file final_6.cif (mmCIF, C-alpha atoms)
data_structure
#
loop_
_atom_site.label_atom_id
_atom_site.label_comp_id
_atom_site.auth_asym_id
_atom_site.auth_seq_id
_atom_site.Cartn_x
_atom_site.Cartn_y
_atom_site.Cartn_z
CA MET V 156 -13.33 -28.12 18.76
CA THR V 157 -11.24 -25.25 17.62
CA SER V 158 -12.28 -22.04 19.25
CA TYR V 159 -12.74 -18.79 17.38
CA ALA V 160 -10.06 -17.13 19.56
CA ILE V 161 -7.41 -19.68 18.54
CA LEU V 162 -8.28 -19.23 14.87
CA ASP V 163 -8.00 -15.44 15.30
CA ALA V 164 -4.56 -15.83 16.91
CA LEU V 165 -3.36 -17.89 13.93
CA PHE V 166 -4.57 -15.41 11.32
CA LEU V 167 -3.36 -12.36 13.30
CA ALA V 168 0.06 -14.02 13.53
CA ALA V 169 0.04 -14.61 9.77
CA ALA V 170 -0.89 -10.95 9.17
CA ALA V 171 1.83 -9.78 11.57
CA ALA V 172 4.41 -11.96 9.80
CA VAL V 173 3.48 -10.42 6.43
CA VAL V 174 3.68 -6.91 7.92
CA LEU V 175 7.14 -7.55 9.39
CA LEU V 176 8.34 -9.15 6.16
CA LEU V 177 7.18 -6.26 3.96
CA ARG V 178 8.62 -3.65 6.30
CA ARG V 179 11.94 -5.50 6.54
CA HIS V 180 12.02 -5.88 2.80
CA SER V 181 11.71 -2.11 2.32
CA SER V 182 14.36 -1.26 4.87
CA LEU V 183 16.79 -3.84 3.48
CA ARG V 184 16.46 -2.27 0.09
CA GLY V 185 17.40 1.04 1.64
CA HIS V 186 14.20 2.90 0.87
CA SER V 187 13.85 5.99 2.96
CA PRO V 188 10.21 6.44 3.88
CA LEU V 189 11.02 10.08 4.63
CA GLY V 190 11.63 11.25 1.11
CA ARG V 191 14.33 13.72 0.22
CA HIS V 192 13.15 16.53 2.43
CA SER V 193 14.04 15.03 5.76
CA SER V 194 16.59 17.75 6.47
CA LEU V 195 13.82 20.35 6.45
CA ARG V 196 12.22 18.93 9.54
CA ARG V 197 13.07 19.90 13.07
CA ARG V 198 12.29 16.68 14.89
CA PRO V 199 14.64 13.70 14.84
CA GLN V 200 14.05 11.49 11.86
CA PHE V 201 13.13 8.36 13.70
CA GLN V 202 10.56 10.08 15.88
CA SER V 203 8.89 11.76 12.93
CA TYR V 204 9.00 8.55 10.97
CA SER V 205 7.19 6.63 13.69
CA ALA V 206 4.53 9.27 14.21
CA GLY V 207 3.97 9.69 10.50
CA ARG V 208 3.80 6.02 9.82
CA TRP V 209 1.71 4.66 12.65
CA GLY V 210 -0.45 7.66 13.60
CA PRO V 211 -2.79 7.30 10.61
CA VAL V 212 -2.79 3.50 10.96
CA LEU V 213 -3.94 3.87 14.57
CA ALA V 214 -6.52 6.57 13.79
CA GLY V 215 -7.97 4.67 10.82
CA GLY V 216 -7.98 1.47 12.84
CA LEU V 217 -9.89 3.03 15.73
CA CYS V 218 -12.55 4.31 13.32
CA LEU V 219 -12.79 0.85 11.74
CA LEU V 220 -13.24 -0.72 15.20
CA VAL V 221 -16.09 1.70 15.99
CA PHE V 222 -17.81 0.94 12.67
CA THR V 223 -17.32 -2.79 13.27
CA ALA V 224 -18.91 -2.51 16.73
CA ILE V 225 -21.97 -0.82 15.21
CA PHE V 226 -22.44 -2.81 12.01
CA ASP V 227 -21.45 -6.22 13.37
CA ASN V 228 -24.23 -5.80 15.93
CA VAL V 229 -26.68 -4.82 13.19
CA MET V 230 -25.69 -7.76 10.98
CA ILE V 231 -25.97 -10.26 13.82
CA ALA V 232 -29.32 -8.79 14.88
CA LEU V 233 -30.58 -9.23 11.30
CA GLY V 234 -29.52 -12.87 11.40
CA LEU V 235 -27.10 -12.71 8.48
CA PHE V 236 -24.86 -15.25 10.21
CA VAL V 237 -24.67 -17.20 13.43
CA TYR V 238 -21.93 -18.72 15.57
CA ARG V 239 -22.04 -22.30 16.73
CA ALA V 240 -22.41 -22.59 20.48
CA GLY V 241 -19.26 -23.52 22.34
CA THR V 242 -16.80 -21.84 19.95
CA LEU V 243 -16.98 -18.36 21.50
CA SER V 244 -15.19 -17.07 24.58
CA GLY V 245 -18.37 -15.40 25.76
CA LEU V 246 -16.89 -11.89 25.82
CA MET V 247 -19.38 -9.78 23.89
CA LEU V 248 -19.85 -6.17 22.83
CA GLY V 249 -23.60 -6.15 22.60
CA ARG V 250 -24.38 -9.07 20.31
CA ALA V 251 -20.92 -9.07 18.72
CA PRO V 252 -18.32 -11.52 20.02
CA LEU V 253 -15.01 -9.89 20.90
CA GLU V 254 -13.33 -12.36 18.52
CA ASP V 255 -14.92 -10.60 15.53
CA PHE V 256 -12.75 -7.55 16.19
CA ALA V 257 -9.64 -9.43 15.04
CA TYR V 258 -10.81 -8.80 11.44
CA PRO V 259 -10.65 -4.96 11.67
CA VAL V 260 -7.37 -5.14 13.66
CA ALA V 261 -5.77 -7.21 10.88
CA ALA V 262 -7.26 -5.02 8.12
CA ALA V 263 -6.16 -1.75 9.73
CA VAL V 264 -2.49 -2.81 9.89
CA LEU V 265 -2.08 -5.22 6.97
CA LEU V 266 -3.76 -3.18 4.24
CA PRO V 267 -1.84 0.12 4.72
CA VAL V 268 1.47 -1.77 4.83
CA LEU V 269 0.49 -3.73 1.71
CA TRP V 270 -0.58 -0.50 -0.02
CA ARG V 271 2.77 1.19 0.72
CA TRP V 272 4.68 -1.89 -0.37
CA LEU V 273 2.78 -2.12 -3.66
CA ARG V 274 3.62 1.52 -4.35
CA ARG V 275 7.24 1.27 -3.16
CA SER V 276 8.85 2.08 -6.52
CA GLU V 277 6.55 5.04 -6.96
CA ILE V 278 7.28 6.27 -3.44
CA GLU V 279 10.99 5.79 -3.93
CA ALA V 280 11.10 7.55 -7.25
CA GLU V 281 8.77 10.27 -5.95
CA SER V 282 8.46 12.07 -9.25
CA GLU V 283 8.93 9.18 -11.65
CA PRO V 284 6.29 6.63 -10.74
CA GLU V 285 6.72 3.24 -12.31
CA PRO V 286 3.90 0.84 -13.03
CA ASP V 287 3.27 -1.58 -10.23
CA SER V 288 4.68 -5.03 -10.76
CA GLU V 289 1.82 -6.67 -8.93
CA GLU V 290 -1.26 -7.57 -10.85
CA PRO V 291 -4.66 -7.46 -9.19
CA THR V 292 -5.60 -10.84 -7.89
CA MET N 264 -31.28 -9.58 -1.73
CA ALA N 265 -31.60 -6.48 0.47
CA TYR N 266 -28.22 -7.16 2.08
CA LEU N 267 -26.43 -7.40 -1.28
CA ILE N 268 -28.13 -4.21 -2.50
CA SER N 269 -27.09 -2.44 0.72
CA LEU N 270 -23.51 -3.59 0.28
CA LEU N 271 -23.39 -2.39 -3.32
CA THR N 272 -24.97 0.96 -2.38
CA ALA N 273 -22.47 1.43 0.46
CA SER N 274 -19.64 0.51 -1.92
CA GLY N 275 -20.88 3.17 -4.33
CA CYS N 276 -20.85 5.79 -1.55
CA LEU N 277 -17.34 4.75 -0.57
CA ALA N 278 -16.21 5.04 -4.20
CA ALA N 279 -17.72 8.55 -4.39
CA VAL N 280 -15.67 9.64 -1.36
CA ASP N 281 -12.59 7.93 -2.77
CA ARG N 282 -13.01 9.73 -6.08
CA ARG N 283 -13.86 13.14 -4.63
CA PHE N 284 -10.77 13.22 -2.42
CA VAL N 285 -8.48 11.11 -4.68
CA LEU N 286 -7.71 8.71 -1.86
CA PHE N 287 -7.16 5.14 -2.98
CA PHE N 288 -8.56 3.66 -6.20
CA TRP N 289 -8.50 7.13 -7.75
CA ARG N 290 -4.90 7.66 -6.66
CA ALA N 291 -3.18 4.41 -7.67
CA PRO N 292 -5.79 2.11 -9.24
CA ARG N 293 -3.61 -0.93 -9.75
CA ALA N 294 -2.01 -0.89 -6.30
CA ALA N 295 -5.46 -0.32 -4.78
CA ALA N 296 -6.99 -3.22 -6.71
CA ALA N 297 -4.09 -5.47 -5.69
CA ALA N 298 -4.38 -4.46 -2.03
CA VAL N 299 -8.16 -5.04 -1.94
CA GLY N 300 -7.75 -8.31 -3.86
CA ILE N 301 -5.09 -9.65 -1.51
CA GLY N 302 -7.03 -8.43 1.54
CA THR N 303 -10.27 -10.03 0.35
CA ALA N 304 -8.46 -13.32 -0.35
CA PHE N 305 -6.87 -13.25 3.12
CA PHE N 306 -10.21 -12.67 4.88
CA LEU N 307 -11.95 -15.28 2.71
CA ALA N 308 -9.30 -17.78 3.83
CA TRP N 309 -10.05 -16.76 7.42
CA ASP N 310 -13.78 -17.29 6.76
CA PHE N 311 -13.14 -20.69 5.17
CA ALA N 312 -11.06 -21.73 8.18
CA ALA N 313 -13.83 -20.60 10.54
CA ILE N 314 -16.45 -22.45 8.49
CA GLY N 315 -14.23 -25.52 8.35
CA ALA N 316 -13.78 -25.40 12.12
CA GLY N 317 -17.54 -25.18 12.51
CA ILE N 318 -17.56 -21.67 14.00
CA PHE N 319 -19.48 -19.69 11.36
CA GLU N 320 -22.82 -20.76 10.05
CA ARG N 321 -24.98 -19.06 7.50
CA GLY N 322 -28.01 -17.25 8.85
CA GLU N 323 -31.41 -18.17 7.46
CA SER N 324 -32.29 -14.53 6.81
CA PRO N 325 -34.78 -13.48 4.11
CA LEU N 326 -32.45 -10.52 3.46
CA MET N 327 -29.92 -12.84 1.84
CA THR N 328 -30.10 -14.10 -1.74
CA GLY N 329 -29.67 -17.63 -0.44
CA ILE N 330 -27.05 -18.34 -3.09
CA LEU N 331 -24.04 -20.18 -1.67
CA LEU N 332 -20.53 -20.08 -3.14
CA ALA N 333 -19.45 -22.92 -0.85
CA PRO N 334 -21.01 -24.68 2.11
CA GLU N 335 -22.06 -21.96 4.62
CA LEU N 336 -20.41 -19.24 2.46
CA PRO N 337 -23.04 -16.90 1.01
CA LEU N 338 -22.62 -14.98 -2.25
CA GLU N 339 -22.63 -11.75 -0.24
CA GLU N 340 -19.46 -12.52 1.72
CA PRO N 341 -16.81 -11.59 -0.90
CA PHE N 342 -18.71 -8.35 -1.58
CA PHE N 343 -18.71 -7.61 2.13
CA LEU N 344 -15.00 -8.36 2.49
CA ALA N 345 -14.01 -6.22 -0.50
CA PHE N 346 -16.15 -3.38 0.89
CA PHE N 347 -14.54 -3.89 4.30
CA CYS N 348 -11.02 -3.67 2.84
CA HIS N 349 -11.91 -0.59 0.80
CA ALA N 350 -13.47 1.05 3.87
CA ALA N 351 -10.35 0.30 5.93
CA MET N 352 -8.18 1.95 3.28
CA VAL N 353 -10.44 4.98 2.84
CA LEU N 354 -10.31 5.51 6.61
CA PHE N 355 -6.53 5.11 6.58
CA THR N 356 -5.94 7.46 3.65
CA VAL N 357 -8.30 10.06 5.15
CA ALA N 358 -6.40 9.81 8.45
CA GLU N 359 -3.10 10.09 6.58
CA ARG N 360 -4.26 13.25 4.85
CA LEU N 361 -5.66 14.78 8.04
CA PHE N 362 -2.39 14.09 9.82
CA ARG N 363 -0.54 15.81 7.02
CA LEU N 364 -2.88 18.79 6.91
CA LEU N 365 -2.66 19.18 10.68
CA ARG N 366 1.14 18.82 10.48
CA LEU N 367 1.12 15.82 12.76
CA SER N 368 3.36 13.90 10.43
CA PRO N 369 6.38 14.86 8.34
CA ARG N 370 5.65 16.26 4.94
CA ARG N 371 6.14 13.44 2.53
CA ARG N 372 5.31 13.46 -1.11
CA ASP N 373 3.66 10.10 -0.92
CA ALA N 374 1.48 10.94 2.06
CA GLY N 375 -2.06 11.92 1.37
CA GLY N 376 -2.22 12.08 -2.40
CA ALA N 377 0.60 14.33 -3.41
CA SER N 378 1.65 15.40 -6.88
CA ALA N 379 3.59 12.27 -7.72
CA ASP N 380 0.46 10.17 -7.36
CA ARG N 381 -1.53 12.44 -9.56
CA ARG N 382 1.10 12.50 -12.24
CA GLY N 383 1.27 8.73 -12.08
CA ARG N 384 -2.44 8.54 -12.55
CA ALA N 385 -2.38 10.80 -15.58
CA ASP N 386 0.44 8.89 -17.26
CA GLY N 387 -0.65 5.46 -16.18
CA PRO N 388 -1.12 3.05 -19.06
CA MET N 389 -4.13 1.54 -17.40
CA GLY N 390 -5.97 4.72 -16.54
CA SER N 391 -8.48 5.22 -13.80
CA PRO N 392 -11.72 3.28 -13.60
CA ALA N 393 -13.71 6.40 -14.49
CA PRO N 394 -12.77 9.84 -15.77
CA PRO N 395 -11.86 11.74 -12.60
CA MET N 396 -13.94 14.80 -13.27
CA GLY N 397 -13.96 16.04 -9.72
CA SER N 398 -10.40 15.15 -8.89
CA PRO N 399 -8.42 18.04 -10.43
CA ALA N 400 -10.30 20.51 -8.29
CA ALA N 401 -10.00 18.26 -5.27
CA GLY N 402 -6.29 17.88 -5.90
CA ARG N 403 -5.67 21.59 -6.24
CA SER N 404 -7.51 22.40 -3.06
CA ASP N 405 -5.13 20.06 -1.21
CA LEU N 406 -1.94 21.55 -2.50
CA PRO N 407 -1.77 24.95 -0.80
CA SER N 408 -1.84 23.49 2.67
CA GLY N 409 0.15 20.33 2.17
CA GLY N 410 2.24 20.81 -0.93
CA THR N 411 3.74 24.27 -0.92
CA SER N 412 3.78 25.77 2.55
CA ARG N 413 6.40 25.37 5.27
#
call {"tool": "encode", "arguments": {"input": "final_6.cif", "output": "structure tokens"}}
result
Amino acid sequence: MTSYAILDALFLAAAAAVVLLLRRHSSLRGHSPLGRHSSLRRRPQFQSYSAGRWGPVLAGGLCLLVFTAIFDNVMIALGLFVYRAGTLSGLMLGRAPLEDFAYPVAAAVLLPVLWRWLRRSEIEAESEPEPDSEEPT
Amino acid sequence: MAYLISLLTASGCLAAVDRRFVLFFWRAPRAAAAAVGIGTAFFLAWDFAAIGAGIFERGESPLMTGILLAPELPLEEPFFLAFFCHAAMVLFTVAERLFRLLRLSPRRRDAGGASADRRGRADGPMGSPAPPMGSPAAGRSDLPSGGTSR
């Protein structure tokens, strides 16, 4: 029987692969995430870039984890869904299995990267936004 | 039914925050819709895999409509996942703006709903889902701290 933890590892790996691919794609195309005003800043570019890029991802992700801890417990307590015995590791946060927290981890990283990638032409052009090529699915 | 109503109410509250602070759907509607659509599809695939592996089972709660889209997959689940993705992005865009306002990150035009986004929204052929009545004021109040100083 496949365990929930193994399934999480597979989907987290898939999300990580997409994140790496989209980030590599942007850098290969030579997009500067800094914009044209990088010379105005005092700190080295790379340092500022990292802080600017991942700080909000981390902060938003931590909030999402806190909300998940609260509402996952509520939803399980209300009996909206159940887990089959034997598929969980047994590590719990209240009633919520630790494995459930892979969803917010994936969402917190994948969605911001996707959002930036979808707006890449707009970000690149800065003042001349072009319509997105992607259609809503 | 109560669960679905709660989800829709919460989604409405999230949309109100999004609109008031011009964060996500009210900043770049098509990119936002694509991101939420792709995210929801990804998490639905994860759900299907978990159901297929026999991990998730539907609860027999009276709070649910009882309508199933697939075996063990309730009608409510896509609504929950779309809400979840939207919530993740509202939290991220709020964090992005706070970082910018607190000068924790470099000033970038694309960070935190800058002028380029707003211009794009005004010119966009598709338009925003609703007339952004509150957004011009919200946008202007952002500019002095993030857009012009330094």
call {"tool": "atom_distance", "arguments": {"input": "final_6.cif", "atom1": "CA of Leu219 (chain V)", "atom2": "CA of Gly317 (chain N)"}}
result
26.5 Å
call {"tool": "closest_residue", "arguments": {"input": "final_6.cif", "among": "N:Ala291, N:Gly302, N:Ala296, N:Val285", "to": "Tyr258 (chain V)", "atoms": "only C-alpha atoms"}}
result
N:Gly302
call {"tool": "atom_distance", "arguments": {"input": "final_6.cif", "atom1": "CA of Arg274 (chain V)", "atom2": "CA of Ala294 (chain N)"}}
result
6.4 Å
call {"tool": "atom_distance", "arguments": {"input": "final_6.cif", "atom1": "CA of Leu167 (chain V)", "atom2": "CA of Ala261 (chain V)"}}
result
6.2 Å
call {"tool": "closest_residue", "arguments": {"input": "final_6.cif", "among": "N:Leu364, N:Ser269, N:Phe319, N:Val357", "to": "Leu286 (chain N)", "atoms": "only C-alpha atoms"}}
result
N:Val357
call {"tool": "closest_residue", "arguments": {"input": "final_6.cif", "among": "N:Val280, N:Leu365, N:Ala358, N:Leu344", "to": "Arg208 (chain V)", "atoms": "all atoms listed in the file"}}
result
N:Ala358
call {"tool": "residues_around", "arguments": {"input": "final_6.cif", "residues": "Thr356 (chain N)", "least_positions_apart": "3", "cutoff": "12 Å", "atoms": "all atoms listed in the file", "output": "mmCIF file with C-alpha atoms, in the coordinates of the input"}}
result
data_model
loop_
_atom_site.group_PDB
_atom_site.id
_atom_site.type_symbol
_atom_site.label_atom_id
_atom_site.label_comp_id
_atom_site.auth_asym_id
_atom_site.auth_seq_id
_atom_site.Cartn_x
_atom_site.Cartn_y
_atom_site.Cartn_z
ATOM 1 C CA ARG V 208 3.800 6.020 9.820
ATOM 2 C CA GLY V 210 -0.450 7.660 13.600
ATOM 3 C CA PRO V 211 -2.790 7.300 10.610
ATOM 4 C CA VAL V 212 -2.790 3.500 10.960
ATOM 5 C CA LEU V 213 -3.940 3.870 14.570
ATOM 6 C CA ALA V 214 -6.520 6.570 13.790
ATOM 7 C CA GLY V 215 -7.970 4.670 10.820
ATOM 8 C CA GLY V 216 -7.980 1.470 12.840
ATOM 9 C CA ALA V 263 -6.160 -1.750 9.730
ATOM 10 C CA LEU V 266 -3.760 -3.180 4.240
ATOM 11 C CA PRO V 267 -1.840 0.120 4.720
ATOM 12 C CA VAL V 268 1.470 -1.770 4.830
ATOM 13 C CA TRP V 270 -0.580 -0.500 -0.020
ATOM 14 C CA ARG V 271 2.770 1.190 0.720
ATOM 15 C CA VAL N 280 -15.670 9.640 -1.360
ATOM 16 C CA ASP N 281 -12.590 7.930 -2.770
ATOM 17 C CA PHE N 284 -10.770 13.220 -2.420
ATOM 18 C CA VAL N 285 -8.480 11.110 -4.680
ATOM 19 C CA LEU N 286 -7.710 8.710 -1.860
ATOM 20 C CA PHE N 287 -7.160 5.140 -2.980
ATOM 21 C CA PHE N 288 -8.560 3.660 -6.200
ATOM 22 C CA TRP N 289 -8.500 7.130 -7.750
ATOM 23 C CA ARG N 290 -4.900 7.660 -6.660
ATOM 24 C CA ALA N 295 -5.460 -0.320 -4.780
ATOM 25 C CA HIS N 349 -11.910 -0.590 0.800
ATOM 26 C CA ALA N 350 -13.470 1.050 3.870
ATOM 27 C CA ALA N 351 -10.350 0.300 5.930
ATOM 28 C CA MET N 352 -8.180 1.950 3.280
ATOM 29 C CA VAL N 353 -10.440 4.980 2.840
ATOM 30 C CA GLU N 359 -3.100 10.090 6.580
ATOM 31 C CA ARG N 360 -4.260 13.250 4.850
ATOM 32 C CA LEU N 361 -5.660 14.780 8.040
ATOM 33 C CA PHE N 362 -2.390 14.090 9.820
ATOM 34 C CA ARG N 363 -0.540 15.810 7.020
ATOM 35 C CA ASP N 373 3.660 10.100 -0.920
ATOM 36 C CA ALA N 374 1.480 10.940 2.060
ATOM 37 C CA GLY N 375 -2.060 11.920 1.370
ATOM 38 C CA GLY N 376 -2.220 12.080 -2.400
ATOM 39 C CA ALA N 377 0.600 14.330 -3.410
#
call {"tool": "closest_residue", "arguments": {"input": "final_6.cif", "among": "N:Cys348, N:Ile318, N:Leu326, N:Leu267", "to": "Glu254 (chain V)", "atoms": "only C-alpha atoms"}}
result
N:Ile318
call {"tool": "residues_around", "arguments": {"input": "final_6.cif", "residues": "Pro334 (chain N)", "least_positions_apart": "3", "cutoff": "9 Å", "atoms": "only C-alpha atoms", "output": "PyMOL selection string"}}
result
chain N and resi 314+321+331+337
call {"tool": "resolve_selection", "arguments": {"input": "final_6.cif", "expression": "the PyMOL selection byres ((chain V and resi 240) around 12)", "output": "compact mmCIF listing (two decimals) with C-alpha atoms, keeping the file's coordinate frame"}}
result
# COMPACT_ATOMS: atom_id res chain seq x y z
CA MET V 156 -13.33 -28.12 18.76
CA THR V 157 -11.24 -25.25 17.62
CA SER V 158 -12.28 -22.04 19.25
CA TYR V 159 -12.74 -18.79 17.38
CA VAL V 237 -24.67 -17.20 13.43
CA TYR V 238 -21.93 -18.72 15.57
CA ARG V 239 -22.04 -22.30 16.73
CA GLY V 241 -19.26 -23.52 22.34
CA THR V 242 -16.80 -21.84 19.95
CA LEU V 243 -16.98 -18.36 21.50
CA SER V 244 -15.19 -17.07 24.58
CA GLY V 245 -18.37 -15.40 25.76
CA PRO V 252 -18.32 -11.52 20.02
CA GLY N 317 -17.54 -25.18 12.51
CA ILE N 318 -17.56 -21.67 14.00
CA PHE N 319 -19.48 -19.69 11.36
CA GLU N 320 -22.82 -20.76 10.05
call {"tool": "closest_residue", "arguments": {"input": "final_6.cif", "among": "V:Ala257, V:Cys218, V:Ala171, V:Val229", "to": "chain N", "atoms": "all atoms listed in the file"}}
result
V:Cys218
call {"tool": "residues_near_point", "arguments": {"input": "final_6.cif", "point": "(-24.9, -10.0, 9.6)", "cutoff": "12 Å", "atoms": "all atoms listed in the file", "output": "ChimeraX atom specification"}}
result
/V:223-238,250-251,255 /N:265-267,269-270,319-327,337,339-340,343
call {"tool": "closest_residue", "arguments": {"input": "final_6.cif", "among": "V:Leu177, V:Leu162, V:Gly249, V:Phe256", "to": "chain N", "atoms": "all atoms listed in the file"}}
result
V:Leu162
